[in-house]
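Engineer: Following this message is one structure expressed as structure tokens.
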Amino acid sequence: MKGRSISLFNFNVVDEFLSGTKYGVFIDDTGSPGLKVTSSSLHPERKTWVGVIVRPSQMPEVFEQFHEVIEELKTLTGAEEFHFADIYGGKGEFKGIDLKKRLGLFRFMTEIFKIYRFPVFVQTFDPDTLAALHSKARFPKRIGPFNLFKQEDLALLFLLIRIKWYIEKNRAAPGITARVFVDEGYKKHGVAIRIPQWVSVFEDGLICFARSSEIYPLQLADFAAYVLNRSQLILDKIRSGRKISSLDVQFLSLASSIAWNYQNIEKVEMALEDLL
């Protein structure tokens, strides 16, 4: 597999999304680097990527509605985009915003995921699982731009492969491709990785990196990633015998309603009333 980075997108994002002819794939990262946990279930240096798939028929409506939602968000809070870690913690632009309103934003987004039934894929590596994988097979140092000895790179590569397989198996029609966007950080806004071998599934073979303030549906991935990470942290508390807050219980209740959107992670069932 060969790949190279290119700068600036040479296609019209808005026209493509509004055409309803392509999948939208939106990816963000999560994890809690450096966070100390009391059990062995979560590695403090784990790296997780989360991808949300929007079907071609849904893409125009989702794209248009996000513009309306952002305007409503500005009216309610003054914020110009969702940052779910800040919303949950009442920080940043959401400092001083009533908890009821902040939870309302989570309820709104969970309803979107329930209505559209977006498939969500997850891939995690930490130093231990990375070492275990390399002990079982010999890998090259790099595949295209991905360093296979870095958990961040390997997790993103594996997630992209999972999403590629899913679209190949479940295409709405033969030949339909996906436009892929990853939240900036791993690469700067406006940069794209081109992998020619993937042109049959990912449009132009591109993995594009962008700001969620400009590619609004990336905020779907921010939400899915935050829900996953916060749920894991709360479950870690429960398993280690620590008390959780009433806010945590409310959050788990919301998260449980979209648990089945997540395609490839273990689901844990419990009676929430027993946690009160």
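Going by the structure tokens order, chains are called A, B, ..., each with residues numbered from 1, while ligands are numbered from 1 in the order shown.
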Identify, with DSSP run on backbone atoms, the residues in stretch 92-271 of chain A assigned to helix (DSSP H, G or I), and express the list as a tab-separated table (two decimals) with N, CA, C and O atoms, in the first residue's frame.

Structural biologist:
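As written to disk, result.tsv reads:
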chain	number	residue	atom	x	y	z
A	92	GLY	N	-15.51	25.66	29.25
A	92	GLY	CA	-15.35	26.42	28.02
A	92	GLY	C	-16.57	27.28	27.75
A	92	GLY	O	-17.07	27.99	28.64
A	93	GLU	N	-17.06	27.22	26.52
A	93	GLU	CA	-18.22	28.02	26.14
A	93	GLU	C	-19.50	27.56	26.82
A	93	GLU	O	-20.52	28.27	26.78
A	94	PHE	N	-19.46	26.40	27.46
A	94	PHE	CA	-20.64	25.86	28.12
A	94	PHE	C	-20.60	26.06	29.64
A	94	PHE	O	-21.46	25.58	30.36
A	99	LEU	N	-27.38	22.66	33.74
A	99	LEU	CA	-27.19	21.23	33.47
A	99	LEU	C	-28.33	20.65	32.64
A	99	LEU	O	-28.10	19.83	31.75
A	100	LYS	N	-29.54	21.09	32.90
A	100	LYS	CA	-30.68	20.58	32.15
A	100	LYS	C	-30.53	20.88	30.66
A	100	LYS	O	-30.83	20.03	29.81
A	101	LYS	N	-30.05	22.07	30.33
A	101	LYS	CA	-29.83	22.42	28.93
A	101	LYS	C	-28.71	21.60	28.33
A	101	LYS	O	-28.78	21.15	27.18
A	102	ARG	N	-27.65	21.38	29.11
A	102	ARG	CA	-26.52	20.60	28.60
A	102	ARG	C	-26.92	19.16	28.33
A	102	ARG	O	-26.56	18.57	27.31
A	103	LEU	N	-27.70	18.58	29.25
A	103	LEU	CA	-28.18	17.21	29.02
A	103	LEU	C	-29.14	17.18	27.84
A	103	LEU	O	-29.21	16.18	27.12
A	104	GLY	N	-29.85	18.29	27.62
A	104	GLY	CA	-30.75	18.35	26.47
A	104	GLY	C	-30.00	18.24	25.16
A	104	GLY	O	-30.50	17.66	24.19
A	105	LEU	N	-28.78	18.78	25.12
A	105	LEU	CA	-27.96	18.65	23.91
A	105	LEU	C	-27.57	17.20	23.67
A	105	LEU	O	-27.55	16.73	22.53
A	106	PHE	N	-27.27	16.47	24.75
A	106	PHE	CA	-26.98	15.04	24.60
A	106	PHE	C	-28.22	14.28	24.15
A	106	PHE	O	-28.14	13.39	23.29
A	107	ARG	N	-29.38	14.63	24.71
A	107	ARG	CA	-30.62	13.94	24.31
A	107	ARG	C	-30.91	14.20	22.84
A	107	ARG	O	-31.33	13.30	22.11
A	108	PHE	N	-30.70	15.43	22.40
A	108	PHE	CA	-30.92	15.77	21.00
A	108	PHE	C	-30.05	14.91	20.09
A	108	PHE	O	-30.52	14.35	19.09
A	109	MET	N	-28.76	14.79	20.43
A	109	MET	CA	-27.85	14.04	19.56
A	109	MET	C	-28.16	12.55	19.60
A	109	MET	O	-28.06	11.87	18.57
A	110	THR	N	-28.53	12.03	20.76
A	110	THR	CA	-28.89	10.60	20.81
A	110	THR	C	-30.11	10.33	19.94
A	110	THR	O	-30.20	9.28	19.29
A	111	GLU	N	-31.05	11.27	19.88
A	111	GLU	CA	-32.22	11.08	19.03
A	111	GLU	C	-31.82	11.01	17.57
A	111	GLU	O	-32.37	10.22	16.79
A	112	ILE	N	-30.85	11.84	17.17
A	112	ILE	CA	-30.36	11.81	15.78
A	112	ILE	C	-29.77	10.44	15.46
A	112	ILE	O	-30.04	9.87	14.41
A	113	PHE	N	-28.97	9.90	16.38
A	113	PHE	CA	-28.36	8.60	16.15
A	113	PHE	C	-29.42	7.50	16.12
A	113	PHE	O	-29.31	6.54	15.34
A	114	LYS	N	-30.45	7.62	16.94
A	114	LYS	CA	-31.51	6.62	16.95
A	114	LYS	C	-32.34	6.67	15.67
A	114	LYS	O	-32.69	5.64	15.10
A	115	ILE	N	-32.64	7.88	15.21
A	115	ILE	CA	-33.48	8.03	14.01
A	115	ILE	C	-32.75	7.55	12.76
A	115	ILE	O	-33.30	6.79	11.95
A	116	TYR	N	-31.50	7.98	12.60
A	116	TYR	CA	-30.77	7.66	11.38
A	116	TYR	C	-30.02	6.34	11.45
A	116	TYR	O	-29.57	5.82	10.43
A	127	PRO	N	-0.21	0.38	24.32
A	127	PRO	CA	1.13	-0.22	24.19
A	127	PRO	C	1.15	-1.74	24.37
A	127	PRO	O	1.93	-2.44	23.71
A	128	ASP	N	0.29	-2.26	25.24
A	128	ASP	CA	0.27	-3.71	25.49
A	128	ASP	C	-0.31	-4.48	24.31
A	128	ASP	O	0.27	-5.48	23.86
A	129	THR	N	-1.47	-4.03	23.80
A	129	THR	CA	-2.08	-4.75	22.66
A	129	THR	C	-1.24	-4.57	21.39
A	129	THR	O	-1.19	-5.46	20.55
A	130	LEU	N	-0.58	-3.43	21.28
A	130	LEU	CA	0.32	-3.21	20.14
A	130	LEU	C	1.48	-4.20	20.18
A	130	LEU	O	1.81	-4.85	19.18
A	131	ALA	N	2.09	-4.34	21.36
A	131	ALA	CA	3.21	-5.27	21.51
A	131	ALA	C	2.77	-6.71	21.28
A	131	ALA	O	3.49	-7.50	20.67
A	132	ALA	N	1.56	-7.05	21.78
A	132	ALA	CA	1.04	-8.41	21.60
A	132	ALA	C	0.84	-8.73	20.12
A	132	ALA	O	1.15	-9.83	19.66
A	133	LEU	N	0.31	-7.76	19.37
A	133	LEU	CA	0.10	-7.97	17.95
A	133	LEU	C	1.42	-8.19	17.22
A	133	LEU	O	1.56	-9.11	16.40
A	134	HIS	N	2.43	-7.39	17.55
A	134	HIS	CA	3.72	-7.52	16.88
A	134	HIS	C	4.45	-8.79	17.29
A	134	HIS	O	5.32	-9.27	16.55
A	135	SER	N	4.09	-9.36	18.43
A	135	SER	CA	4.72	-10.61	18.85
A	135	SER	C	4.18	-11.82	18.08
A	135	SER	O	4.80	-12.88	18.04
A	136	LYS	N	3.00	-11.64	17.45
A	136	LYS	CA	2.35	-12.75	16.76
A	136	LYS	C	2.66	-12.77	15.26
A	136	LYS	O	2.47	-13.79	14.60
A	151	GLN	N	0.59	3.17	18.21
A	151	GLN	CA	-0.79	2.73	18.39
A	151	GLN	C	-1.79	3.67	17.71
A	151	GLN	O	-2.84	3.23	17.22
A	152	GLU	N	-1.48	4.97	17.66
A	152	GLU	CA	-2.38	5.93	17.01
A	152	GLU	C	-2.53	5.61	15.53
A	152	GLU	O	-3.64	5.57	14.99
A	153	ASP	N	-1.42	5.34	14.86
A	153	ASP	CA	-1.44	5.05	13.43
A	153	ASP	C	-2.12	3.72	13.14
A	153	ASP	O	-2.96	3.61	12.23
A	154	LEU	N	-1.74	2.71	13.91
A	154	LEU	CA	-2.28	1.37	13.64
A	154	LEU	C	-3.78	1.33	13.91
A	154	LEU	O	-4.52	0.71	13.15
A	155	ALA	N	-4.23	2.01	14.97
A	155	ALA	CA	-5.66	2.03	15.26
A	155	ALA	C	-6.44	2.73	14.15
A	155	ALA	O	-7.51	2.26	13.74
A	156	LEU	N	-5.92	3.84	13.63
A	156	LEU	CA	-6.61	4.53	12.54
A	156	LEU	C	-6.63	3.67	11.28
A	156	LEU	O	-7.66	3.57	10.60
A	157	LEU	N	-5.52	3.03	10.96
A	157	LEU	CA	-5.47	2.17	9.79
A	157	LEU	C	-6.48	1.03	9.89
A	157	LEU	O	-7.24	0.77	8.96
A	158	PHE	N	-6.50	0.35	11.04
A	158	PHE	CA	-7.44	-0.76	11.22
A	158	PHE	C	-8.89	-0.28	11.16
A	158	PHE	O	-9.76	-0.97	10.63
A	159	LEU	N	-9.17	0.91	11.72
A	159	LEU	CA	-10.53	1.43	11.65
A	159	LEU	C	-10.93	1.68	10.20
A	159	LEU	O	-12.04	1.32	9.78
A	160	LEU	N	-10.04	2.29	9.43
A	160	LEU	CA	-10.34	2.55	8.02
A	160	LEU	C	-10.60	1.26	7.26
A	160	LEU	O	-11.49	1.19	6.41
A	161	ILE	N	-9.84	0.22	7.58
A	161	ILE	CA	-10.05	-1.08	6.93
A	161	ILE	C	-11.41	-1.65	7.31
A	161	ILE	O	-12.14	-2.18	6.45
A	162	ARG	N	-11.78	-1.55	8.59
A	162	ARG	CA	-13.10	-2.03	9.03
A	162	ARG	C	-14.21	-1.30	8.27
A	162	ARG	O	-15.18	-1.93	7.81
A	163	ILE	N	-14.10	0.01	8.16
A	163	ILE	CA	-15.13	0.80	7.47
A	163	ILE	C	-15.16	0.45	5.98
A	163	ILE	O	-16.24	0.33	5.38
A	164	LYS	N	-14.00	0.27	5.39
A	164	LYS	CA	-13.92	-0.11	3.98
A	164	LYS	C	-14.63	-1.44	3.76
A	164	LYS	O	-15.44	-1.59	2.82
A	165	TRP	N	-14.37	-2.42	4.61
A	165	TRP	CA	-15.03	-3.72	4.48
A	165	TRP	C	-16.55	-3.59	4.61
A	165	TRP	O	-17.31	-4.21	3.87
A	166	TYR	N	-16.98	-2.78	5.58
A	166	TYR	CA	-18.43	-2.61	5.81
A	166	TYR	C	-19.10	-2.03	4.58
A	166	TYR	O	-20.16	-2.51	4.15
A	167	ILE	N	-18.52	-0.99	4.00
A	167	ILE	CA	-19.14	-0.37	2.82
A	167	ILE	C	-19.13	-1.32	1.64
A	167	ILE	O	-20.11	-1.42	0.90
A	168	GLU	N	-18.03	-2.04	1.45
A	168	GLU	CA	-17.97	-3.01	0.35
A	168	GLU	C	-19.09	-4.05	0.48
A	168	GLU	O	-19.68	-4.46	-0.52
A	169	LYS	N	-19.38	-4.46	1.68
A	169	LYS	CA	-20.39	-5.50	1.92
A	169	LYS	C	-21.80	-4.96	1.87
A	169	LYS	O	-22.75	-5.68	1.52
A	170	ASN	N	-21.99	-3.69	2.19
A	170	ASN	CA	-23.35	-3.16	2.37
A	170	ASN	C	-23.67	-1.97	1.46
A	170	ASN	O	-24.56	-1.20	1.74
A	196	PRO	N	-4.08	5.06	-3.35
A	196	PRO	CA	-4.68	4.69	-4.64
A	196	PRO	C	-5.41	3.35	-4.61
A	196	PRO	O	-6.41	3.18	-5.33
A	197	GLN	N	-4.93	2.41	-3.80
A	197	GLN	CA	-5.55	1.08	-3.76
A	197	GLN	C	-6.98	1.11	-3.22
A	197	GLN	O	-7.72	0.13	-3.37
A	198	TRP	N	-7.38	2.22	-2.60
A	198	TRP	CA	-8.70	2.29	-1.97
A	198	TRP	C	-9.70	3.11	-2.78
A	198	TRP	O	-10.79	3.41	-2.31
A	218	LEU	N	-18.53	16.13	11.18
A	218	LEU	CA	-17.48	15.58	12.04
A	218	LEU	C	-17.90	15.60	13.50
A	218	LEU	O	-17.39	14.83	14.32
A	219	GLN	N	-18.86	16.47	13.84
A	219	GLN	CA	-19.33	16.53	15.21
A	219	GLN	C	-20.15	15.30	15.59
A	219	GLN	O	-20.33	15.01	16.78
A	220	LEU	N	-20.64	14.56	14.60
A	220	LEU	CA	-21.23	13.25	14.88
A	220	LEU	C	-20.18	12.31	15.46
A	220	LEU	O	-20.45	11.55	16.40
A	221	ALA	N	-18.99	12.35	14.88
A	221	ALA	CA	-17.90	11.49	15.36
A	221	ALA	C	-17.42	11.94	16.73
A	221	ALA	O	-17.07	11.11	17.58
A	222	ASP	N	-17.38	13.26	16.97
A	222	ASP	CA	-17.02	13.77	18.28
A	222	ASP	C	-17.97	13.24	19.34
A	222	ASP	O	-17.56	12.81	20.43
A	223	PHE	N	-19.26	13.25	19.01
A	223	PHE	CA	-20.28	12.74	19.95
A	223	PHE	C	-20.10	11.24	20.19
A	223	PHE	O	-20.07	10.79	21.34
A	224	ALA	N	-19.97	10.47	19.10
A	224	ALA	CA	-19.83	9.02	19.24
A	224	ALA	C	-18.59	8.65	20.03
A	224	ALA	O	-18.59	7.72	20.84
A	225	ALA	N	-17.49	9.39	19.80
A	225	ALA	CA	-16.25	9.12	20.52
A	225	ALA	C	-16.38	9.47	21.99
A	225	ALA	O	-15.91	8.74	22.87
A	226	TYR	N	-17.04	10.60	22.28
A	226	TYR	CA	-17.19	11.00	23.67
A	226	TYR	C	-18.09	10.03	24.44
A	226	TYR	O	-17.80	9.66	25.58
A	227	VAL	N	-19.20	9.62	23.82
A	227	VAL	CA	-20.10	8.66	24.46
A	227	VAL	C	-19.37	7.38	24.80
A	227	VAL	O	-19.51	6.83	25.90
A	228	LEU	N	-18.57	6.89	23.87
A	228	LEU	CA	-17.80	5.67	24.11
A	228	LEU	C	-16.85	5.86	25.29
A	228	LEU	O	-16.82	5.05	26.22
A	229	ASN	N	-16.05	6.92	25.26
A	229	ASN	CA	-15.03	7.12	26.28
A	229	ASN	C	-15.66	7.34	27.65
A	229	ASN	O	-15.23	6.73	28.65
A	230	ARG	N	-16.67	8.18	27.73
A	230	ARG	CA	-17.30	8.45	29.03
A	230	ARG	C	-17.97	7.20	29.58
A	230	ARG	O	-17.88	6.92	30.78
A	231	SER	N	-18.62	6.42	28.72
A	231	SER	CA	-19.25	5.17	29.16
A	231	SER	C	-18.20	4.21	29.73
A	231	SER	O	-18.42	3.57	30.76
A	232	GLN	N	-17.06	4.10	29.04
A	232	GLN	CA	-16.01	3.21	29.52
A	232	GLN	C	-15.47	3.66	30.88
A	232	GLN	O	-15.21	2.83	31.76
A	233	LEU	N	-15.30	4.97	31.06
A	233	LEU	CA	-14.79	5.48	32.33
A	233	LEU	C	-15.79	5.24	33.46
A	233	LEU	O	-15.40	4.88	34.59
A	234	ILE	N	-17.09	5.41	33.18
A	234	ILE	CA	-18.10	5.16	34.20
A	234	ILE	C	-18.16	3.68	34.55
A	234	ILE	O	-18.21	3.29	35.73
A	235	LEU	N	-18.11	2.82	33.53
A	235	LEU	CA	-18.13	1.37	33.79
A	235	LEU	C	-16.90	0.94	34.57
A	235	LEU	O	-16.97	0.02	35.40
A	236	ASP	N	-15.76	1.59	34.31
A	236	ASP	CA	-14.56	1.27	35.06
A	236	ASP	C	-14.74	1.61	36.55
A	236	ASP	O	-14.30	0.87	37.43
A	237	LYS	N	-15.42	2.71	36.83
A	237	LYS	CA	-15.75	3.06	38.22
A	237	LYS	C	-16.59	1.98	38.87
A	237	LYS	O	-16.34	1.56	40.00
A	238	ILE	N	-17.61	1.55	38.14
A	238	ILE	CA	-18.54	0.55	38.68
A	238	ILE	C	-17.81	-0.75	38.97
A	238	ILE	O	-17.95	-1.35	40.04
A	239	ARG	N	-16.99	-1.19	38.03
A	239	ARG	CA	-16.28	-2.46	38.19
A	239	ARG	C	-15.28	-2.42	39.34
A	239	ARG	O	-15.00	-3.45	39.96
A	246	SER	N	-25.15	10.83	40.11
A	246	SER	CA	-26.46	10.76	39.45
A	246	SER	C	-26.34	11.22	38.00
A	246	SER	O	-27.06	10.73	37.12
A	247	LEU	N	-25.42	12.16	37.74
A	247	LEU	CA	-25.18	12.59	36.36
A	247	LEU	C	-24.64	11.44	35.52
A	247	LEU	O	-25.05	11.26	34.36
A	248	ASP	N	-23.75	10.64	36.10
A	248	ASP	CA	-23.22	9.48	35.38
A	248	ASP	C	-24.34	8.50	35.04
A	248	ASP	O	-24.36	7.93	33.95
A	249	VAL	N	-25.28	8.30	35.97
A	249	VAL	CA	-26.39	7.38	35.72
A	249	VAL	C	-27.27	7.93	34.60
A	249	VAL	O	-27.69	7.18	33.70
A	250	GLN	N	-27.54	9.22	34.62
A	250	GLN	CA	-28.33	9.83	33.54
A	250	GLN	C	-27.61	9.69	32.20
A	250	GLN	O	-28.24	9.42	31.18
A	251	PHE	N	-26.30	9.86	32.23
A	251	PHE	CA	-25.53	9.72	31.00
A	251	PHE	C	-25.62	8.29	30.47
A	251	PHE	O	-25.83	8.08	29.26
A	252	LEU	N	-25.46	7.29	31.35
A	252	LEU	CA	-25.55	5.89	30.90
A	252	LEU	C	-26.92	5.58	30.33
A	252	LEU	O	-27.04	4.81	29.37
A	253	SER	N	-27.94	6.18	30.89
A	253	SER	CA	-29.29	5.96	30.37
A	253	SER	C	-29.40	6.48	28.94
A	253	SER	O	-29.97	5.82	28.07
A	254	LEU	N	-28.83	7.66	28.69
A	254	LEU	CA	-28.84	8.20	27.33
A	254	LEU	C	-27.99	7.35	26.39
A	254	LEU	O	-28.40	7.03	25.28
A	255	ALA	N	-26.79	6.99	26.86
A	255	ALA	CA	-25.87	6.23	26.01
A	255	ALA	C	-26.44	4.86	25.66
A	255	ALA	O	-26.22	4.35	24.55
A	256	SER	N	-27.19	4.26	26.59
A	256	SER	CA	-27.72	2.91	26.33
A	256	SER	C	-28.69	2.89	25.17
A	256	SER	O	-28.86	1.88	24.49
A	259	ALA	N	-26.58	2.26	22.08
A	259	ALA	CA	-25.51	1.26	22.18
A	259	ALA	C	-25.45	0.38	20.95
A	259	ALA	O	-24.36	-0.04	20.52
A	260	TRP	N	-26.59	0.13	20.33
A	260	TRP	CA	-26.61	-0.80	19.20
A	260	TRP	C	-26.15	-0.16	17.90
A	260	TRP	O	-26.02	-0.84	16.89
A	261	ASN	N	-25.92	1.17	17.91
A	261	ASN	CA	-25.26	1.78	16.75
A	261	ASN	C	-23.82	1.30	16.62
A	261	ASN	O	-23.28	1.23	15.51

Engineer: If we count only C-alpha atoms, what is near stretch 55-60 of chain A at a cut-off of 9 Å, once residues fewer than 4 positions away on the same chain are taken out, given as a list in words?

Structural biologist: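 Result of the neighbour search: Glu16, Phe17, Leu18, Ser19, Gly20, Thr21, Lys22, Tyr23, Gly24, Val25, Glu64, Gln65, Tyr116, Phe118, Arg171, Ala172, Ile176 and Ala178 of chain A.
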
Engineer: A:Leu206: which residues within 9 Å, counting only C-alpha atoms, same-chain residues fewer than 4 positions away excluded, as a list of chain:residue names?

Structural biologist: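 In the requested format, the answer is A:Arg179, A:Val180, A:Phe181, A:Ala192, A:Ile193, A:Arg194, A:Ile195, A:Pro196, A:Trp198, A:Val199, A:Phe202.
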
Engineer: I need the residues of stretch 76-228 of chain A that end up classed as strand (DSSP E or B) by DSSP on the backbone, written out as a ChimeraX atom specification.

Structural biologist: /A:120-125,142-143,146-147,178-183,191-194,202-210

Engineer: Kindly indicate which residue among A:Glu68, A:Phe63, A:Arg242, A:Phe125 lies nearest to A:Pro44, using only C-alpha atoms for the distances.

Structural biologist: A:Phe125

Engineer: Using only C-alpha atoms, what table do you get, as a Markdown table, when you list each residue of stretch 79-150 of chain A with an atom no more than 10 Å from stretch 212-217 of chain A, its nearest pair of atoms, and their distance in Å rounded to one decimal, rows by chain then rising number?

Structural biologist:
| residue | atom | partner | partner_atom | distance |
| --- | --- | --- | --- | --- |
| A:Glu80 | CA | A:Ser213 | CA | 7.5 |
| A:Glu81 | CA | A:Ser213 | CA | 6.2 |
| A:Phe82 | CA | A:Ser213 | CA | 8.9 |
| A:His83 | CA | A:Ser212 | CA | 9.7 |
